[in-house]
$ cat input.cif   # mmCIF, C-alpha atoms
data_protein
loop_
_atom_site.label_atom_id
_atom_site.label_comp_id
_atom_site.auth_asym_id
_atom_site.auth_seq_id
_atom_site.Cartn_x
_atom_site.Cartn_y
_atom_site.Cartn_z
CA MET I 1 10.44 -18.90 2.26
CA ASP I 2 9.01 -19.53 -1.21
CA PHE I 3 6.92 -16.45 -2.03
CA SER I 4 6.04 -14.80 -5.33
CA ASN I 5 4.15 -11.56 -5.89
CA VAL I 6 0.74 -12.62 -7.22
CA TYR I 7 0.16 -9.18 -8.73
CA ASP I 8 2.97 -9.69 -11.27
CA ASP I 9 0.44 -11.41 -13.51
CA ALA I 10 -1.29 -10.24 -16.71
CA GLU I 11 -4.71 -11.71 -15.87
CA ARG I 12 -4.72 -10.20 -12.40
CA ALA I 13 -3.55 -6.84 -13.78
CA ASP I 14 -6.49 -6.76 -16.22
CA SER I 15 -8.89 -7.50 -13.37
CA TYR I 16 -7.26 -5.12 -10.88
CA ASP I 17 -7.28 -2.27 -13.43
CA LYS I 18 -11.06 -2.00 -13.12
CA LEU I 19 -10.89 -1.52 -9.35
CA GLU I 20 -11.23 2.00 -7.97
CA PHE I 21 -12.36 2.73 -4.37
CA PRO I 22 -15.36 0.48 -3.62
CA ASN I 23 -16.53 -0.99 -0.32
CA THR I 24 -13.64 -1.87 2.03
CA TYR I 25 -11.22 -0.08 -0.30
CA TYR I 26 -13.13 3.14 0.37
CA LEU I 27 -11.85 3.02 3.96
CA ALA I 28 -8.29 2.51 2.75
CA PHE I 29 -8.28 5.80 0.84
CA ARG I 30 -10.94 7.89 2.63
CA ASP I 31 -8.48 9.57 5.00
CA ILE I 32 -5.45 9.75 2.71
CA PRO I 33 -6.19 13.26 1.32
CA SER I 34 -6.63 14.81 4.77
CA LEU I 35 -3.51 13.07 6.10
CA ILE I 36 -1.47 14.35 3.18
CA ARG I 37 -2.77 17.90 3.57
CA LYS I 38 -1.91 17.73 7.28
CA HIS I 39 1.56 16.24 7.00
CA ALA I 40 2.79 17.41 3.58
CA PRO I 41 1.33 20.91 3.19
CA GLY I 42 2.76 22.68 0.19
CA GLY I 43 4.35 19.51 -1.13
CA LYS I 44 4.92 19.36 -4.88
CA THR I 45 6.62 16.07 -5.70
CA ALA I 46 5.31 12.61 -4.86
CA LEU I 47 6.31 9.02 -5.48
CA ASP I 48 3.75 6.21 -5.56
CA PHE I 49 5.80 3.21 -4.47
CA GLY I 50 4.12 0.05 -5.77
CA CYS I 51 1.69 1.92 -8.00
CA GLY I 52 0.09 -1.12 -9.63
CA THR I 53 -2.28 0.03 -12.35
CA GLY I 54 -1.99 3.66 -11.25
CA ARG I 55 -5.04 4.14 -9.05
CA SER I 56 -3.12 5.83 -6.22
CA THR I 57 -0.82 7.72 -8.61
CA ARG I 58 -3.86 9.36 -10.19
CA LEU I 59 -5.10 10.21 -6.69
CA LEU I 60 -1.82 11.96 -5.88
CA ARG I 61 -2.00 13.96 -9.08
CA ALA I 62 -5.58 14.97 -8.28
CA LEU I 63 -4.25 16.29 -4.96
CA GLY I 64 -1.89 18.59 -6.86
CA PHE I 65 1.37 16.62 -6.83
CA ARG I 66 3.74 15.92 -9.69
CA ALA I 67 3.48 12.19 -9.15
CA ALA I 68 5.57 9.32 -10.46
CA GLY I 69 4.47 5.72 -10.07
CA VAL I 70 6.90 2.82 -9.75
CA ASP I 71 6.26 -0.91 -9.67
CA ILE I 72 8.02 -4.22 -10.28
CA SER I 73 5.25 -5.59 -12.52
CA GLU I 74 5.35 -4.67 -16.20
CA ASP I 75 1.81 -6.08 -16.58
CA MET I 76 0.51 -3.60 -13.99
CA LEU I 77 2.45 -0.72 -15.51
CA ARG I 78 1.11 -1.54 -18.96
CA LYS I 79 -2.45 -1.08 -17.69
CA ALA I 80 -1.46 2.13 -15.87
CA ARG I 81 -0.05 3.60 -19.09
CA GLU I 82 -3.08 2.53 -21.12
CA ARG I 83 -5.46 4.26 -18.71
CA ASP I 84 -3.21 7.28 -18.10
CA PRO I 85 -0.99 7.85 -21.18
CA LYS I 86 0.40 11.15 -19.86
CA GLY I 87 1.35 9.68 -16.49
CA ASP I 88 4.90 8.93 -15.33
CA TYR I 89 5.16 5.18 -14.70
CA ARG I 90 8.47 3.36 -14.27
CA ARG I 91 9.54 -0.21 -13.67
CA VAL I 92 11.93 -0.71 -10.75
CA PRO I 93 13.39 -4.24 -10.58
CA ASP I 94 13.13 -5.58 -7.03
CA GLY I 95 11.65 -2.24 -5.97
CA ARG I 96 15.09 -0.60 -5.86
CA LEU I 97 15.19 3.16 -6.46
CA ASP I 98 18.81 3.28 -7.59
CA GLY I 99 18.16 5.76 -10.40
CA MET I 100 16.43 8.31 -8.20
CA GLN I 101 18.12 11.25 -6.54
CA ASP I 102 18.48 11.64 -2.80
CA GLY I 103 15.88 13.96 -1.30
CA ALA I 104 13.79 14.17 -4.46
CA TYR I 105 10.29 13.82 -3.00
CA ASP I 106 8.09 15.69 -0.56
CA LEU I 107 5.86 12.64 -0.21
CA VAL I 108 6.02 8.90 -0.78
CA LEU I 109 2.76 6.93 -0.77
CA SER I 110 2.76 3.15 -0.62
CA ALA I 111 -0.65 1.50 -0.78
CA PHE I 112 -0.67 -2.23 0.07
CA THR I 113 2.83 -2.76 -1.36
CA PHE I 114 4.40 -4.01 1.86
CA ASP I 115 1.74 -6.71 2.19
CA ASN I 116 3.74 -8.44 -0.55
CA ILE I 117 7.30 -7.93 0.73
CA PRO I 118 8.25 -11.26 2.33
CA THR I 119 11.14 -10.69 4.72
CA ARG I 120 12.28 -8.20 7.34
CA GLU I 121 15.54 -7.72 5.45
CA LYS I 122 13.73 -6.77 2.24
CA LYS I 123 11.31 -4.50 4.07
CA VAL I 124 14.13 -2.66 5.83
CA GLY I 125 16.07 -2.28 2.60
CA LEU I 126 13.12 -0.80 0.74
CA PHE I 127 12.19 1.56 3.58
CA ARG I 128 15.80 2.76 3.62
CA GLU I 129 15.54 3.47 -0.11
CA ILE I 130 12.34 5.41 0.48
CA ALA I 131 13.94 7.38 3.31
CA ARG I 132 16.83 8.21 1.00
CA VAL I 133 14.62 9.74 -1.71
CA LEU I 134 12.54 11.72 0.80
CA LYS I 135 13.38 15.35 1.40
CA PRO I 136 14.53 16.09 4.98
CA SER I 137 11.05 17.42 5.77
CA GLY I 138 9.30 14.80 3.63
CA ARG I 139 6.72 12.26 4.75
CA MET I 140 5.83 8.71 3.85
CA VAL I 141 2.27 7.40 4.03
CA ASN I 142 2.34 3.60 4.30
CA LEU I 143 -1.04 1.91 3.92
CA VAL I 144 -1.04 -1.78 4.85
CA SER I 145 -3.52 -4.51 5.65
CA SER I 146 -4.21 -5.00 9.34
CA PRO I 147 -3.58 -8.53 10.64
CA GLU I 148 -7.32 -8.73 11.36
CA ILE I 149 -8.21 -8.46 7.69
CA TYR I 150 -7.05 -12.07 7.24
CA THR I 151 -9.32 -13.50 9.94
CA HIS I 152 -12.70 -11.83 9.30
CA GLU I 153 -15.24 -11.28 6.55
CA TRP I 154 -15.53 -7.95 4.69
CA ALA I 155 -17.47 -6.13 2.02
CA SER I 156 -14.52 -6.57 -0.35
CA PHE I 157 -12.85 -9.75 0.93
CA THR I 158 -13.48 -13.22 2.26
CA THR I 159 -11.12 -15.35 4.39
CA LYS I 160 -13.50 -18.04 5.67
CA ASP I 161 -11.85 -20.74 3.55
CA PHE I 162 -8.47 -20.11 5.19
CA PRO I 163 -8.80 -20.87 8.93
CA GLU I 164 -5.04 -21.41 9.06
CA ASN I 165 -4.68 -17.62 8.86
CA ARG I 166 -5.59 -17.45 12.54
CA LEU I 167 -2.35 -19.22 13.46
CA ALA I 168 -0.13 -16.95 11.39
CA GLY I 169 2.54 -14.79 12.99
CA THR I 170 4.62 -11.94 11.60
CA GLY I 171 6.25 -12.99 8.34
CA ASP I 172 3.92 -15.92 7.62
CA LYS I 173 1.98 -16.37 4.41
CA VAL I 174 -1.78 -15.82 4.54
CA LYS I 175 -4.53 -16.04 1.93
CA ILE I 176 -7.48 -13.82 1.10
CA VAL I 177 -9.98 -13.59 -1.78
CA MET I 178 -10.92 -10.23 -3.30
CA THR I 179 -14.65 -10.14 -4.08
CA ASP I 180 -14.72 -6.77 -5.93
CA VAL I 181 -12.84 -8.10 -8.96
CA ASP I 182 -13.50 -10.79 -11.54
CA ASP I 183 -10.33 -12.70 -10.68
CA ARG I 184 -11.29 -14.72 -7.61
CA ARG I 185 -8.06 -16.63 -7.28
CA PRO I 186 -6.78 -16.40 -3.69
CA VAL I 187 -4.23 -13.68 -3.05
CA GLU I 188 -1.22 -14.73 -0.99
CA ASP I 189 0.12 -11.99 1.31
CA ILE I 190 2.62 -11.73 4.14
CA ILE I 191 1.09 -10.85 7.51
CA TRP I 192 2.98 -8.24 9.54
CA PHE I 193 2.00 -7.10 13.02
CA ASP I 194 2.26 -3.59 14.46
CA ASP I 195 5.24 -4.21 16.73
CA ALA I 196 7.16 -5.70 13.81
CA TYR I 197 6.46 -2.63 11.68
CA HIS I 198 7.71 -0.42 14.51
CA ALA I 199 10.98 -2.37 14.58
CA VAL I 200 11.40 -2.25 10.81
CA TYR I 201 10.79 1.49 10.66
CA ASP I 202 13.30 2.10 13.42
CA GLU I 203 15.98 0.05 11.70
CA ALA I 204 15.33 1.83 8.39
CA GLY I 205 15.64 5.33 9.88
CA LEU I 206 11.96 6.23 9.93
CA ALA I 207 9.73 7.30 12.81
CA ILE I 208 5.95 7.17 13.15
CA VAL I 209 4.33 10.60 13.19
CA GLU I 210 0.73 9.36 13.17
CA LYS I 211 -1.03 6.01 12.98
CA LEU I 212 -4.63 5.54 11.89
CA ARG I 213 -6.93 2.51 11.88
CA PRO I 214 -9.92 3.65 9.81
CA LEU I 215 -13.40 2.41 10.75
CA ALA I 216 -16.64 2.80 8.84
CA LEU I 217 -19.18 5.15 10.36
CA GLY I 218 -22.13 3.02 9.30
CA SER I 219 -23.74 5.79 7.27
CA GLU I 220 -21.79 5.17 4.06
CA PRO I 221 -23.57 3.55 1.08
CA TYR I 222 -21.63 0.30 1.34
CA PRO I 223 -22.64 -3.18 2.58
CA TRP I 224 -20.39 -3.24 5.63
CA VAL I 225 -19.70 -6.58 7.28
CA SER I 226 -16.97 -6.10 9.90
CA GLU I 227 -15.81 -2.61 8.94
CA THR I 228 -17.72 -0.68 11.61
CA ARG I 229 -16.12 -2.75 14.41
CA ILE I 230 -12.72 -3.85 13.16
CA ALA I 231 -10.25 -1.83 11.14
CA PRO I 232 -9.19 -3.63 7.95
CA TRP I 233 -6.29 -1.24 7.30
CA VAL I 234 -3.49 0.52 9.13
CA ILE I 235 -2.11 3.83 7.85
CA TYR I 236 1.29 4.94 9.12
CA VAL I 237 2.61 8.45 8.51
CA LEU I 238 6.40 8.40 8.75
CA GLU I 239 9.26 10.89 8.84
CA LYS I 240 13.01 10.50 8.55
CA THR I 241 14.87 10.28 11.84
CA GLU I 242 17.83 12.54 12.48
CA GLU I 243 21.11 11.05 11.36
#
$ encode --input "input.cif" --output "structure tokens"
Amino acid sequence: MDFSNVYDDAERADSYDKLEFPNTYYLAFRDIPSLIRKHAPGGKTALDFGCGTGRSTRLLRALGFRAAGVDISEDMLRKARERDPKGDYRRVPDGRLDGMQDGAYDLVLSAFTFDNIPTREKKVGLFREIARVLKPSGRMVNLVSSPEIYTHEWASFTTKDFPENRLAGTGDKVKIVMTDVDDRRPVEDIIWFDDAYHAVYDEAGLAIVEKLRPLALGSEPYPWVSETRIAPWVIYVLEKTEE
């Protein structure tokens, strides 16, 4: 399948750098701190896998972790370093963590990264790398787009111009437009359903500890569209399986 990561792009990096936690994105990150406190109490070291412009890396540091951010896009990392000159940001070609020690991290956070990994083989390989760098008691928090995000309207996204999304199955390309940024070019993602994630985790040596589909309460100061009825995100908390 012909697929390229649309975030490896200077113009999109400049636009994405201004994005923090508005609207639908609020629901993506609202429950992350409590999940981390629950599943990684006392953790000190964290890896932000697919850090982009550093939004989630800065969140990890605010939660008390010594956090490193890694990404494949030098354009994204450039913006991360400009905004956070003292941060630890590293480029990892193809997302490989070859230079990192086994069992180095208490926590790995990946926010939206696996929406842009196109094949089962690549997903399994990257999850195996993440499992390798996790401590035996470590946890991974994997935040991904729900399949439903590509077939509804949202405070931060629109999909109405892409009715073909409704026919997509696991591994297919889908399109979505981000409305919270200046760059309104469609984003091309890879849709991945829950059962397929279960299979990938199992093959990579990871097990689901908790799964969350965050919904809006309706009382937040955001212009919700579908968010009170349909979860736009899925958050998986994962642990290493016994070898």
$ residues_around --input "input.cif" --residues "Ile208 (chain I)" --least-positions-apart "2" --cutoff "12 Å" --atoms "all atoms listed in the file" --output "list in words"
His39, Arg139, Met140, Val141, Asn142, Asp194, Asp195, Tyr197, His198, Ala199, Val200, Tyr201, Asp202, Ala204, Gly205, Leu206, Glu210, Lys211, Leu212, Ile235, Tyr236, Val237, Leu238, Glu239, Lys240 and Thr241 of chain I
$ closest_residue --input "input.cif" --among "I:Glu188, I:Asp102, I:Asp84, I:Asp180" --to "Ala131 (chain I)" --atoms "only C-alpha atoms"
I:Asp102
$ atom_distance --input "input.cif" --atom1 "CA of Ala104 (chain I)" --atom2 "CA of Ser137 (chain I)"
11.1 Å
$ closest_residue --input "input.cif" --among "I:Phe162, I:Tyr105, I:Trp154, I:Phe193" --to "Tyr222 (chain I)" --atoms "only C-alpha atoms"
I:Trp154
$ residues_near_point --input "input.cif" --point "(7.1, 6.2, -4.0)" --cutoff "10 Å" --atoms "all atoms listed in the file" --output "list in words"
Ala46, Leu47, Asp48, Phe49, Gly50, Cys51, Thr57, Ala67, Ala68, Gly69, Val70, Asp71, Gly95, Leu97, Tyr105, Leu107, Val108, Leu109, Ser110, Ala111, Glu129, Ile130, Val133, Leu134, Met140, Val141 and Asn142 of chain I
$ closest_residue --input "input.cif" --among "I:Gly64, I:Lys44, I:Arg96, I:Gly52" --to "Met76 (chain I)" --atoms "only C-alpha atoms"
I:Gly52
$ resolve_selection --input "input.cif" --expression "the PyMOL selection byres ((chain I and resi 25) around 12)" --output "number ranges by chain"
I: 19-24, 26-32, 55-56, 111-112, 143-145, 149, 154-157, 178-181, 214-216, 222, 224, 227, 231-233
$ write_last_selection --input "input.cif" --atoms "C-alpha atoms" --output "PDB file, keeping the file's coordinate frame"
ATOM      1  CA  LEU I  19     -10.890  -1.520  -9.350  1.00  0.00           C
ATOM      2  CA  GLU I  20     -11.230   2.000  -7.970  1.00  0.00           C
ATOM      3  CA  PHE I  21     -12.360   2.730  -4.370  1.00  0.00           C
ATOM      4  CA  PRO I  22     -15.360   0.480  -3.620  1.00  0.00           C
ATOM      5  CA  ASN I  23     -16.530  -0.990  -0.320  1.00  0.00           C
ATOM      6  CA  THR I  24     -13.640  -1.870   2.030  1.00  0.00           C
ATOM      7  CA  TYR I  26     -13.130   3.140   0.370  1.00  0.00           C
ATOM      8  CA  LEU I  27     -11.850   3.020   3.960  1.00  0.00           C
ATOM      9  CA  ALA I  28      -8.290   2.510   2.750  1.00  0.00           C
ATOM     10  CA  PHE I  29      -8.280   5.800   0.840  1.00  0.00           C
ATOM     11  CA  ARG I  30     -10.940   7.890   2.630  1.00  0.00           C
ATOM     12  CA  ASP I  31      -8.480   9.570   5.000  1.00  0.00           C
ATOM     13  CA  ILE I  32      -5.450   9.750   2.710  1.00  0.00           C
ATOM     14  CA  ARG I  55      -5.040   4.140  -9.050  1.00  0.00           C
ATOM     15  CA  SER I  56      -3.120   5.830  -6.220  1.00  0.00           C
ATOM     16  CA  ALA I 111      -0.650   1.500  -0.780  1.00  0.00           C
ATOM     17  CA  PHE I 112      -0.670  -2.230   0.070  1.00  0.00           C
ATOM     18  CA  LEU I 143      -1.040   1.910   3.920  1.00  0.00           C
ATOM     19  CA  VAL I 144      -1.040  -1.780   4.850  1.00  0.00           C
ATOM     20  CA  SER I 145      -3.520  -4.510   5.650  1.00  0.00           C
ATOM     21  CA  ILE I 149      -8.210  -8.460   7.690  1.00  0.00           C
ATOM     22  CA  TRP I 154     -15.530  -7.950   4.690  1.00  0.00           C
ATOM     23  CA  ALA I 155     -17.470  -6.130   2.020  1.00  0.00           C
ATOM     24  CA  SER I 156     -14.520  -6.570  -0.350  1.00  0.00           C
ATOM     25  CA  PHE I 157     -12.850  -9.750   0.930  1.00  0.00           C
ATOM     26  CA  MET I 178     -10.920 -10.230  -3.300  1.00  0.00           C
ATOM     27  CA  THR I 179     -14.650 -10.140  -4.080  1.00  0.00           C
ATOM     28  CA  ASP I 180     -14.720  -6.770  -5.930  1.00  0.00           C
ATOM     29  CA  VAL I 181     -12.840  -8.100  -8.960  1.00  0.00           C
ATOM     30  CA  PRO I 214      -9.920   3.650   9.810  1.00  0.00           C
ATOM     31  CA  LEU I 215     -13.400   2.410  10.750  1.00  0.00           C
ATOM     32  CA  ALA I 216     -16.640   2.800   8.840  1.00  0.00           C
ATOM     33  CA  TYR I 222     -21.630   0.300   1.340  1.00  0.00           C
ATOM     34  CA  TRP I 224     -20.390  -3.240   5.630  1.00  0.00           C
ATOM     35  CA  GLU I 227     -15.810  -2.610   8.940  1.00  0.00           C
ATOM     36  CA  ALA I 231     -10.250  -1.830  11.140  1.00  0.00           C
ATOM     37  CA  PRO I 232      -9.190  -3.630   7.950  1.00  0.00           C
ATOM     38  CA  TRP I 233      -6.290  -1.240   7.300  1.00  0.00           C
TER      39      TRP I 233
END
$ atom_distance --input "input.cif" --atom1 "CA of Asp94 (chain I)" --atom2 "CA of Ile72 (chain I)"
6.2 Å
$ axis_aligned_box --input "input.cif" --around "region 187-199 of chain I" --padding-each-side "5 Å" --output "AutoDock Vina command-line options"
--center_x 3.4 --center_y -7.6 --center_z 6.8 --size_x 25.2 --size_y 24.3 --size_z 29.8
$ residues_near_point --input "input.cif" --point "(3.6, 1.2, -21.4)" --cutoff "12 Å" --atoms "only C-alpha atoms" --output "PDB file with C-alpha atoms, in the frame of the given file"
ATOM      1  CA  THR I  53      -2.280   0.030 -12.350  1.00  0.00           C
ATOM      2  CA  GLY I  54      -1.990   3.660 -11.250  1.00  0.00           C
ATOM      3  CA  SER I  73       5.250  -5.590 -12.520  1.00  0.00           C
ATOM      4  CA  GLU I  74       5.350  -4.670 -16.200  1.00  0.00           C
ATOM      5  CA  ASP I  75       1.810  -6.080 -16.580  1.00  0.00           C
ATOM      6  CA  MET I  76       0.510  -3.600 -13.990  1.00  0.00           C
ATOM      7  CA  LEU I  77       2.450  -0.720 -15.510  1.00  0.00           C
ATOM      8  CA  ARG I  78       1.110  -1.540 -18.960  1.00  0.00           C
ATOM      9  CA  LYS I  79      -2.450  -1.080 -17.690  1.00  0.00           C
ATOM     10  CA  ALA I  80      -1.460   2.130 -15.870  1.00  0.00           C
ATOM     11  CA  ARG I  81      -0.050   3.600 -19.090  1.00  0.00           C
ATOM     12  CA  GLU I  82      -3.080   2.530 -21.120  1.00  0.00           C
ATOM     13  CA  ARG I  83      -5.460   4.260 -18.710  1.00  0.00           C
ATOM     14  CA  ASP I  84      -3.210   7.280 -18.100  1.00  0.00           C
ATOM     15  CA  PRO I  85      -0.990   7.850 -21.180  1.00  0.00           C
ATOM     16  CA  LYS I  86       0.400  11.150 -19.860  1.00  0.00           C
ATOM     17  CA  GLY I  87       1.350   9.680 -16.490  1.00  0.00           C
ATOM     18  CA  ASP I  88       4.900   8.930 -15.330  1.00  0.00           C
ATOM     19  CA  TYR I  89       5.160   5.180 -14.700  1.00  0.00           C
ATOM     20  CA  ARG I  90       8.470   3.360 -14.270  1.00  0.00           C
ATOM     21  CA  ARG I  91       9.540  -0.210 -13.670  1.00  0.00           C
TER      22      ARG I  91
END
$ closest_residue --input "input.cif" --among "I:Pro41, I:Pro186, I:Pro118, I:Gly103" --to "Arg132 (chain I)" --atoms "all atoms listed in the file"
I:Gly103
$ decode --input "input.cif" --residues "region 170-202 of chain I" --atoms "C-alpha atoms" --output "compact mmCIF listing (two decimals), in the first residue's frame"
# COMPACT_ATOMS: atom_id res chain seq x y z
CA THR I 170 -8.72 -2.51 9.34
CA GLY I 171 -5.60 -1.37 7.49
CA ASP I 172 -7.40 0.85 4.96
CA LYS I 173 -6.59 4.49 4.36
CA VAL I 174 -9.09 7.07 5.62
CA LYS I 175 -9.19 10.86 5.49
CA ILE I 176 -10.06 13.52 8.04
CA VAL I 177 -9.69 17.30 8.27
CA MET I 178 -8.45 18.98 11.45
CA THR I 179 -10.40 22.18 12.10
CA ASP I 180 -8.34 23.47 15.07
CA VAL I 181 -5.29 24.27 12.94
CA ASP I 182 -4.60 26.60 10.04
CA ASP I 183 -3.52 23.77 7.74
CA ARG I 184 -6.81 22.35 6.47
CA ARG I 185 -5.32 19.84 4.06
CA PRO I 186 -6.89 16.41 4.64
CA VAL I 187 -4.95 14.09 6.90
CA GLU I 188 -4.60 10.52 5.67
CA ASP I 189 -4.62 7.91 8.45
CA ILE I 190 -4.83 4.13 8.70
CA ILE I 191 -7.99 2.85 10.38
CA TRP I 192 -7.49 0.03 12.89
CA PHE I 193 -10.29 -1.73 14.74
CA ASP I 194 -10.26 -2.99 18.33
CA ASP I 195 -9.96 -6.69 17.55
CA ALA I 196 -7.01 -5.99 15.28
CA TYR I 197 -5.25 -4.05 18.03
CA HIS I 198 -5.83 -6.97 20.41
CA ALA I 199 -4.15 -9.32 17.92
CA VAL I 200 -1.21 -6.98 17.34
CA TYR I 201 -0.60 -6.50 21.07
CA ASP I 202 -0.68 -10.24 21.64
